[in-house]
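Trainee: File data-v8.tsv below, TSV, C-alpha atoms:
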```
chain	number	residue	atom	x	y	z
A	26	MET	CA	0.00	0.00	0.00
A	27	ASP	CA	1.28	3.49	-0.83
A	28	GLU	CA	2.17	5.73	2.06
A	29	VAL	CA	0.03	8.76	2.80
A	30	GLU	CA	1.94	12.03	2.39
A	31	VAL	CA	0.56	15.19	3.97
A	32	VAL	CA	1.25	17.87	1.37
A	33	VAL	CA	-0.34	20.74	3.30
A	34	ALA	CA	-2.73	20.85	6.23
A	35	HIS	CA	-4.30	23.57	8.35
A	36	SER	CA	-7.66	24.31	9.92
A	37	GLU	CA	-9.35	25.24	6.61
A	38	ARG	CA	-8.25	22.42	4.33
A	39	ALA	CA	-5.77	19.59	3.80
A	40	THR	CA	-4.16	17.93	0.80
A	41	LEU	CA	-2.88	14.35	0.96
A	42	ARG	CA	-0.99	12.31	-1.62
A	43	VAL	CA	-1.45	8.56	-1.97
A	44	GLY	CA	0.62	7.23	-4.86
A	45	ASP	CA	-0.44	9.09	-7.98
A	46	VAL	CA	-3.61	10.49	-6.44
A	47	PHE	CA	-4.06	13.74	-4.52
A	48	LEU	CA	-6.94	13.95	-2.06
A	49	LYS	CA	-8.11	17.47	-1.24
A	50	VAL	CA	-10.28	17.80	1.85
A	51	ASP	CA	-12.08	21.13	2.18
A	52	ALA	CA	-14.98	22.01	4.45
A	53	ASP	CA	-15.92	24.87	2.10
A	54	GLN	CA	-17.53	23.18	-0.88
A	55	ALA	CA	-17.72	26.50	-2.74
A	56	ARG	CA	-13.92	26.43	-3.07
A	57	ILE	CA	-14.04	22.92	-4.52
A	58	ASP	CA	-16.84	23.99	-6.91
A	59	VAL	CA	-14.64	26.82	-8.17
A	60	GLU	CA	-11.62	24.53	-8.52
A	61	VAL	CA	-13.45	21.93	-10.60
A	62	GLU	CA	-15.12	24.51	-12.84
A	63	ALA	CA	-11.94	26.55	-13.31
A	64	MET	CA	-9.91	23.48	-14.31
A	65	ALA	CA	-12.58	22.59	-16.86
A	66	ARG	CA	-12.41	26.09	-18.37
A	67	ALA	CA	-8.63	26.71	-18.21
A	68	PRO	CA	-6.79	26.54	-21.58
A	69	VAL	CA	-3.63	25.21	-19.87
A	70	PRO	CA	-2.79	21.70	-18.59
A	71	THR	CA	-4.48	20.84	-15.27
A	72	PRO	CA	-4.85	17.67	-13.18
A	73	LYS	CA	-7.56	15.20	-14.12
A	74	VAL	CA	-10.52	15.04	-11.73
A	75	LEU	CA	-10.81	11.36	-10.75
A	76	TRP	CA	-13.81	11.55	-8.45
A	77	ARG	CA	-15.56	13.82	-6.01
A	78	LYS	CA	-17.32	12.89	-2.80
A	79	PRO	CA	-17.75	15.95	-0.53
A	80	PRO	CA	-15.74	17.02	1.31
A	81	VAL	CA	-13.07	15.16	-0.73
A	82	LEU	CA	-11.86	15.83	-4.28
A	83	ALA	CA	-9.52	13.29	-5.89
A	84	ILE	CA	-7.25	14.46	-8.70
A	85	SER	CA	-4.37	12.90	-10.61
A	86	ALA	CA	-0.75	13.72	-9.97
A	87	LEU	CA	1.09	15.69	-12.64
A	88	PRO	CA	4.30	14.62	-14.37
A	89	GLY	CA	7.45	16.63	-13.77
A	90	THR	CA	8.42	18.83	-10.84
A	91	THR	CA	7.68	22.32	-9.62
A	92	LEU	CA	10.00	25.25	-10.24
A	93	GLY	CA	10.61	25.58	-6.51
A	94	SER	CA	8.88	27.17	-3.55
A	95	LEU	CA	8.84	30.45	-1.68
A	96	GLY	CA	11.91	30.59	0.53
A	97	GLY	CA	13.55	27.70	-1.27
A	98	PRO	CA	15.91	27.50	-4.23
A	99	SER	CA	14.40	27.90	-7.67
A	100	THR	CA	15.00	25.17	-10.23
A	101	GLY	CA	14.56	24.82	-13.94
A	102	SER	CA	16.21	26.48	-16.91
A	103	SER	CA	15.52	29.96	-18.21
A	104	GLU	CA	13.50	28.24	-20.95
A	105	ALA	CA	11.31	26.51	-18.35
A	106	TRP	CA	10.57	29.80	-16.63
A	107	ALA	CA	9.80	31.37	-20.01
A	108	ALA	CA	7.45	28.46	-20.79
A	109	ALA	CA	5.63	29.18	-17.52
A	110	GLY	CA	5.31	32.82	-18.60
A	111	ALA	CA	3.84	31.72	-21.93
A	112	ALA	CA	1.34	29.46	-20.14
A	113	LEU	CA	0.25	32.39	-17.98
A	114	ARG	CA	-0.29	34.52	-21.07
A	115	THR	CA	-2.45	31.76	-22.58
A	116	LEU	CA	-4.53	31.67	-19.41
A	117	HIS	CA	-4.88	35.44	-19.17
A	118	ASP	CA	-5.92	35.74	-22.83
A	119	ALA	CA	-8.77	33.23	-22.40
A	120	PRO	CA	-12.35	34.38	-21.76
A	121	PRO	CA	-12.57	35.06	-18.01
A	122	PRO	CA	-15.02	33.07	-15.85
A	123	PRO	CA	-18.25	34.81	-14.83
A	124	TRP	CA	-17.28	34.90	-11.14
A	125	PRO	CA	-14.66	37.12	-9.43
A	126	GLY	CA	-11.55	35.42	-8.09
A	127	ARG	CA	-9.01	36.22	-5.40
A	128	ALA	CA	-7.26	38.50	-7.88
A	129	GLY	CA	-10.52	40.29	-8.65
A	130	ARG	CA	-11.29	42.18	-5.47
A	131	SER	CA	-12.49	45.74	-6.02
A	132	ILE	CA	-10.08	48.60	-5.45
A	133	ALA	CA	-12.15	49.86	-2.51
A	134	ALA	CA	-12.42	46.43	-0.89
A	135	LEU	CA	-8.70	45.73	-1.31
A	136	ALA	CA	-7.70	49.14	0.07
A	137	ALA	CA	-9.92	48.63	3.11
A	138	GLU	CA	-8.53	45.14	3.70
A	139	LEU	CA	-4.96	46.43	3.38
A	140	ASP	CA	-5.52	49.30	5.80
A	141	GLU	CA	-7.11	47.02	8.39
A	142	GLU	CA	-4.36	44.42	8.08
A	143	CYS	CA	-1.57	47.01	8.25
A	144	ALA	CA	-3.05	48.42	11.45
A	145	SER	CA	-3.26	44.93	12.95
A	146	LEU	CA	0.34	44.11	12.03
A	147	VAL	CA	1.59	47.23	13.79
A	148	THR	CA	-0.66	47.18	16.88
A	149	SER	CA	0.10	43.50	17.48
A	150	GLY	CA	3.83	44.18	17.26
A	151	LEU	CA	4.22	41.55	14.58
A	152	LEU	CA	5.99	43.95	12.20
A	153	PRO	CA	7.57	47.39	12.73
A	154	ALA	CA	5.58	50.45	11.67
A	155	ASP	CA	8.20	51.71	9.21
A	156	LEU	CA	8.27	48.39	7.35
A	157	VAL	CA	4.48	48.24	7.16
A	158	GLY	CA	4.15	51.91	6.21
A	159	ARG	CA	6.71	51.72	3.41
A	160	ASN	CA	5.08	48.64	1.88
A	161	ARG	CA	1.60	50.14	2.19
A	162	ARG	CA	2.83	53.06	0.10
A	163	VAL	CA	4.39	50.69	-2.46
A	164	ALA	CA	1.12	48.73	-2.54
A	165	GLU	CA	-0.80	51.79	-3.68
A	166	ALA	CA	0.33	51.19	-7.29
A	167	ALA	CA	-1.76	47.99	-7.41
A	168	LEU	CA	-4.94	49.94	-6.60
A	169	ARG	CA	-5.80	50.99	-10.14
A	170	PRO	CA	-8.31	49.95	-12.83
A	171	TRP	CA	-7.48	46.70	-14.65
A	172	THR	CA	-8.95	44.69	-17.51
A	173	PRO	CA	-10.57	41.47	-16.24
A	174	ALA	CA	-8.59	38.34	-17.14
A	175	PHE	CA	-8.85	34.62	-16.41
A	176	THR	CA	-6.70	34.46	-13.28
A	177	HIS	CA	-5.53	31.54	-11.15
A	178	GLY	CA	-5.54	33.63	-7.97
A	179	ASP	CA	-2.88	31.69	-6.04
A	180	LEU	CA	-0.20	31.06	-8.63
A	181	GLN	CA	2.73	30.19	-6.37
A	182	ILE	CA	5.63	28.54	-8.19
A	183	ALA	CA	4.87	25.38	-6.19
A	184	HIS	CA	1.62	25.16	-8.15
A	185	VAL	CA	3.27	25.04	-11.59
A	186	PHE	CA	4.79	21.77	-12.82
A	187	VAL	CA	7.33	21.46	-15.62
A	188	ASP	CA	9.12	18.59	-17.32
A	189	GLY	CA	12.25	19.90	-18.97
A	190	ASP	CA	11.17	23.10	-20.69
A	191	GLU	CA	7.48	22.16	-20.94
A	192	VAL	CA	4.68	23.10	-18.54
A	193	THR	CA	2.88	19.87	-17.65
A	194	GLY	CA	0.19	21.34	-15.43
A	195	ILE	CA	-1.02	23.89	-12.91
A	196	ILE	CA	-2.73	22.87	-9.66
A	197	ASP	CA	-4.84	24.46	-6.89
A	198	TRP	CA	-7.52	26.50	-8.69
A	199	SER	CA	-9.82	27.27	-5.74
A	200	GLU	CA	-9.05	31.04	-5.90
A	201	ALA	CA	-9.52	31.30	-9.68
A	202	GLY	CA	-11.84	33.72	-11.44
A	203	ARG	CA	-11.95	37.15	-13.07
A	204	GLY	CA	-9.09	39.30	-11.87
A	205	ASP	CA	-5.96	41.33	-12.47
A	206	ALA	CA	-3.45	39.41	-14.57
A	207	LEU	CA	-0.52	41.16	-12.90
A	208	TYR	CA	-1.58	39.68	-9.56
A	209	ASP	CA	-0.89	36.22	-11.00
A	210	LEU	CA	2.47	37.27	-12.43
A	211	ALA	CA	3.53	38.86	-9.16
A	212	THR	CA	2.42	35.84	-7.12
A	213	PHE	CA	4.36	33.51	-9.39
A	214	LEU	CA	7.54	35.58	-9.07
A	215	LEU	CA	7.24	36.33	-5.34
A	216	GLY	CA	10.67	35.79	-3.80
A	217	HIS	CA	12.19	34.86	-7.17
A	218	GLU	CA	12.78	38.24	-8.78
A	219	ASP	CA	15.89	36.86	-10.48
A	220	HIS	CA	13.62	35.06	-12.96
A	221	LEU	CA	11.52	38.13	-13.82
A	222	ASP	CA	13.12	38.64	-17.23
A	223	ASP	CA	12.68	34.96	-18.17
A	224	VAL	CA	8.99	34.92	-17.26
A	225	LEU	CA	8.25	38.22	-18.99
A	226	ALA	CA	10.07	37.02	-22.13
A	227	GLY	CA	7.68	34.08	-22.27
A	228	TYR	CA	4.69	36.21	-21.33
A	229	GLY	CA	5.35	38.45	-24.29
A	230	ALA	CA	3.58	41.62	-23.16
A	231	ASP	CA	4.54	44.96	-21.68
A	232	VAL	CA	4.20	44.80	-17.90
A	233	ASP	CA	4.23	47.67	-15.41
A	234	LEU	CA	6.96	46.64	-12.96
A	235	ASP	CA	5.74	49.13	-10.36
A	236	VAL	CA	2.47	47.18	-10.24
A	237	ILE	CA	4.35	43.88	-9.89
A	238	HIS	CA	6.29	45.34	-6.96
A	239	ALA	CA	3.06	46.65	-5.50
A	240	TRP	CA	1.41	43.23	-5.64
A	241	TRP	CA	4.44	41.73	-3.88
A	242	SER	CA	3.82	44.14	-1.02
A	243	VAL	CA	0.05	43.54	-1.05
A	244	ARG	CA	0.30	39.77	-1.00
A	245	SER	CA	2.96	39.75	1.70
A	246	LEU	CA	1.20	42.26	3.95
A	247	LEU	CA	-2.06	40.30	3.74
A	248	ALA	CA	-0.37	36.93	4.28
A	249	VAL	CA	1.88	37.44	7.31
A	250	ARG	CA	-0.70	37.26	10.09
A	251	TRP	CA	-2.67	34.44	8.44
A	252	LEU	CA	0.49	32.38	8.05
A	253	VAL	CA	1.49	32.87	11.68
A	254	ASP	CA	-2.02	31.99	12.87
A	255	HIS	CA	-2.00	28.76	10.80
A	256	GLY	CA	1.41	27.48	11.87
A	257	PHE	CA	3.56	28.69	8.97
A	258	ASP	CA	6.65	30.91	9.18
A	259	PRO	CA	6.61	34.08	7.04
A	260	PHE	CA	9.85	35.14	8.76
A	261	ALA	CA	11.84	32.25	7.23
A	262	PRO	CA	14.62	33.34	4.85
A	263	GLY	CA	13.29	34.36	1.45
A	264	CYS	CA	9.65	34.36	2.57
A	265	GLU	CA	7.05	37.13	2.99
A	266	VAL	CA	8.83	39.28	5.57
A	267	ASP	CA	12.04	39.25	3.52
A	268	VAL	CA	9.95	40.28	0.48
A	269	LEU	CA	8.62	43.23	2.49
A	270	ARG	CA	12.13	44.17	3.61
A	271	SER	CA	13.31	44.17	-0.02
A	272	ARG	CA	11.02	47.15	-0.68
A	273	MET	CA	12.79	49.29	1.94
```
Could I get this structure in the form of structure tokens?

Mentor:
Amino acid sequence: MDEVEVVVAHSERATLRVGDVFLKVDADQARIDVEVEAMARAPVPTPKVLWRKPPVLAISALPGTTLGSLGGPSTGSSEAWAAAGAALRTLHDAPPPPWPGRAGRSIAALAAELDEECASLVTSGLLPADLVGRNRRVAEAALRPWTPAFTHGDLQIAHVFVDGDEVTGIIDWSEAGRGDALYDLATFLLGHEDHLDDVLAGYGADVDLDVIHAWWSVRSLLAVRWLVDHGFDPFAPGCEVDVLRSRM
């Protein structure tokens, strides 16, 4: 019998791997609904849905390996990173789903969420006021009108699989929907700025780097407290707090 590997687990959801099958357990069935529908619509390789029995979704494993993880070393050739950029462009050029995704929050809602989270980070003593204040100012560039695109919404590099220089699949679509394409690009490159040129070469479009930097600040500011509360370490080398410090 194959061993059970815990891929990720916290109070909201868990993902287990048994052989070539991933089992996603999520108490929020709306997230699973989005994931299944988004994978069916996405014009890029995704895992195959094997079966679904709430609260469990079973999907197939993907061939290849990821390009790395936040805080860890990046792998893959420049061509592999460029291929990932091309896959993102294919996704973003597709007709967007009818529902808003994580990358599709309104400017007003995102600004309010940022301001509340920044205040909490400072009053709790989790981060110094100057670090939070500087990144909140950088984040302002993300608060602008954008053209709705088909976005993944949580496009960490650990969610993109490659085999050689070919993208073999993208996983974890529960945050997908209409949104700002640059949010996806920024999430993918978070902590791996050294591959920015490779990804943009594959993406093949002019990109406002100030907005990319702004999304790095937004995502990191909004993630720190959640990560701490759920047993993760945003202070680890190369992770969210280091990303915030890089904007100083």

Trainee: Could you state the separation of atom CA of A:Gly229 and atom CA of A:Gly263 in Å, given to one decimal place?

Mentor: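 Separation between atom CA of A:Gly229 and atom CA of A:Gly263: 27.2 Å.
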
Trainee: Considering all atoms listed in the file, state which residue in the set A:Ile84, A:Ala201, A:Leu246, A:Ala109 is at the smallest distance from A:Arg66.

Mentor: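 The shortest atom-to-atom distance to A:Arg66 comes from A:Ala201.
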
Trainee: Taking into account only C-alpha atoms, which residue in the set A:Asp197, A:Asp231, A:Glu30, A:Asp45 is nearest to A:Met64?

Mentor: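 Ranked by minimum distance to A:Met64, first place goes to A:Asp197.
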
Trainee: Please provide as a PDB file with C-alpha atoms, in the frame of the given file all residues within 8 Å of A:Val266, with the sequence filter that same-chain residues fewer than 6 positions apart are discarded (counting all atoms listed in the file).

Mentor:
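out-v1.pdb, written as the output of this step:
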```pdb
ATOM      1  CA  SER A 245       2.960  39.750   1.700  1.00  0.00           C
ATOM      2  CA  VAL A 249       1.880  37.440   7.310  1.00  0.00           C
ATOM      3  CA  PRO A 259       6.610  34.080   7.040  1.00  0.00           C
ATOM      4  CA  PHE A 260       9.850  35.140   8.760  1.00  0.00           C
TER       5      PHE A 260
END
```

Trainee: Using all atoms listed in the file, pick whichever of A:Val163, A:Arg38, A:Met273, A:Gly178 has the shortest atom-to-atom distance to A:Ile237.

Mentor: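 Going through A:Val163, A:Arg38, A:Met273, A:Gly178 one by one, the smallest distance to A:Ile237 is for A:Val163.
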
Trainee: Give me, please, the distance in Å between atom CA of A:His220 and atom CA of A:Pro121, quoted to one decimal.

Mentor: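 Atom CA of A:His220 sits 26.7 Å away from atom CA of A:Pro121.
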
Trainee: Determine the nearest neighbour of A:Arg270 from the options A:Arg203, A:Lys78, A:His177, A:Arg159, counting all atoms listed in the file.

Mentor: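 Of A:Arg203, A:Lys78, A:His177, A:Arg159, the one nearest A:Arg270, counting all atoms listed in the file, is A:Arg159.
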
Trainee: For atom CA of A:Glu60 and atom CA of A:Trp106, quote the distance in Å rounded to one decimal.

Mentor: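 Going from atom CA of A:Glu60 over to atom CA of A:Trp106, I get 24.2 Å.
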
Trainee: Which residue is closest to A:Phe186? Choose from A:Pro153, A:Ala108, A:Val74, A:Val253 and count all atoms listed in the file.

Mentor: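 Going through A:Pro153, A:Ala108, A:Val74, A:Val253 one by one, the smallest distance to A:Phe186 is for A:Ala108.
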
Trainee: Here is a test: counting all atoms listed in the file, which residue of A:Ala167, A:Val31, A:Ile196, A:Ala206 is nearest to A:Ala239?

Mentor: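 Closest candidate: A:Ala167.
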
Trainee: Excluding same-chain residues fewer than 2 positions from A:Pro173, what lies within 12 Å of it counting all atoms listed in the file, as a list in words?

Mentor: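 Surrounding residues, per the criterion: Leu116, His117, Asp118, Ala119, Pro120, Pro121, Pro122, Pro123, Trp124, Pro125, Gly126, Ala128, Gly129, Arg130, Ser131, Pro170, Trp171, Phe175, Thr176, Gly202, Arg203, Gly204, Asp205, Ala206, Leu207 and Tyr208 of chain A.
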
Trainee: Can you pull out the residues contacting A:Pro262? Cut-off 12 Å, using all atoms listed in the file, and skip same-chain residues under 5 positions away; I want them as a tab-separated table (two decimals) with C-alpha atoms, in the frame of the given file.

Mentor:
```
chain	number	residue	atom	x	y	z
A	94	SER	CA	8.88	27.17	-3.55
A	95	LEU	CA	8.84	30.45	-1.68
A	96	GLY	CA	11.91	30.59	0.53
A	97	GLY	CA	13.55	27.70	-1.27
A	98	PRO	CA	15.91	27.50	-4.23
A	216	GLY	CA	10.67	35.79	-3.80
A	267	ASP	CA	12.04	39.25	3.52
A	268	VAL	CA	9.95	40.28	0.48
A	269	LEU	CA	8.62	43.23	2.49
A	270	ARG	CA	12.13	44.17	3.61
A	271	SER	CA	13.31	44.17	-0.02
```

Trainee: Which polymer residues have any atom within 10 Å of an atom of A:Leu210, counting all atoms listed in the file, with same-chain residues fewer than 6 positions away left out, as a tab-separated table (two decimals) with C-alpha atoms, keeping the file's coordinate frame?

Mentor:
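Saved file selection-v4.tsv follows:
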```
chain	number	residue	atom	x	y	z
A	110	GLY	CA	5.31	32.82	-18.60
A	113	LEU	CA	0.25	32.39	-17.98
A	114	ARG	CA	-0.29	34.52	-21.07
A	176	THR	CA	-6.70	34.46	-13.28
A	177	HIS	CA	-5.53	31.54	-11.15
A	178	GLY	CA	-5.54	33.63	-7.97
A	180	LEU	CA	-0.20	31.06	-8.63
A	181	GLN	CA	2.73	30.19	-6.37
A	221	LEU	CA	11.52	38.13	-13.82
A	224	VAL	CA	8.99	34.92	-17.26
A	225	LEU	CA	8.25	38.22	-18.99
A	228	TYR	CA	4.69	36.21	-21.33
A	232	VAL	CA	4.20	44.80	-17.90
A	237	ILE	CA	4.35	43.88	-9.89
A	240	TRP	CA	1.41	43.23	-5.64
A	241	TRP	CA	4.44	41.73	-3.88
```

Trainee: If you count all atoms listed in the file, which residues fall within 12 Å of A:Ser145, apart from same-chain ones fewer than 3 positions away, as a PyMOL selection string?

Mentor: chain A and resi 138-142+148-154+157+246-247+249-251
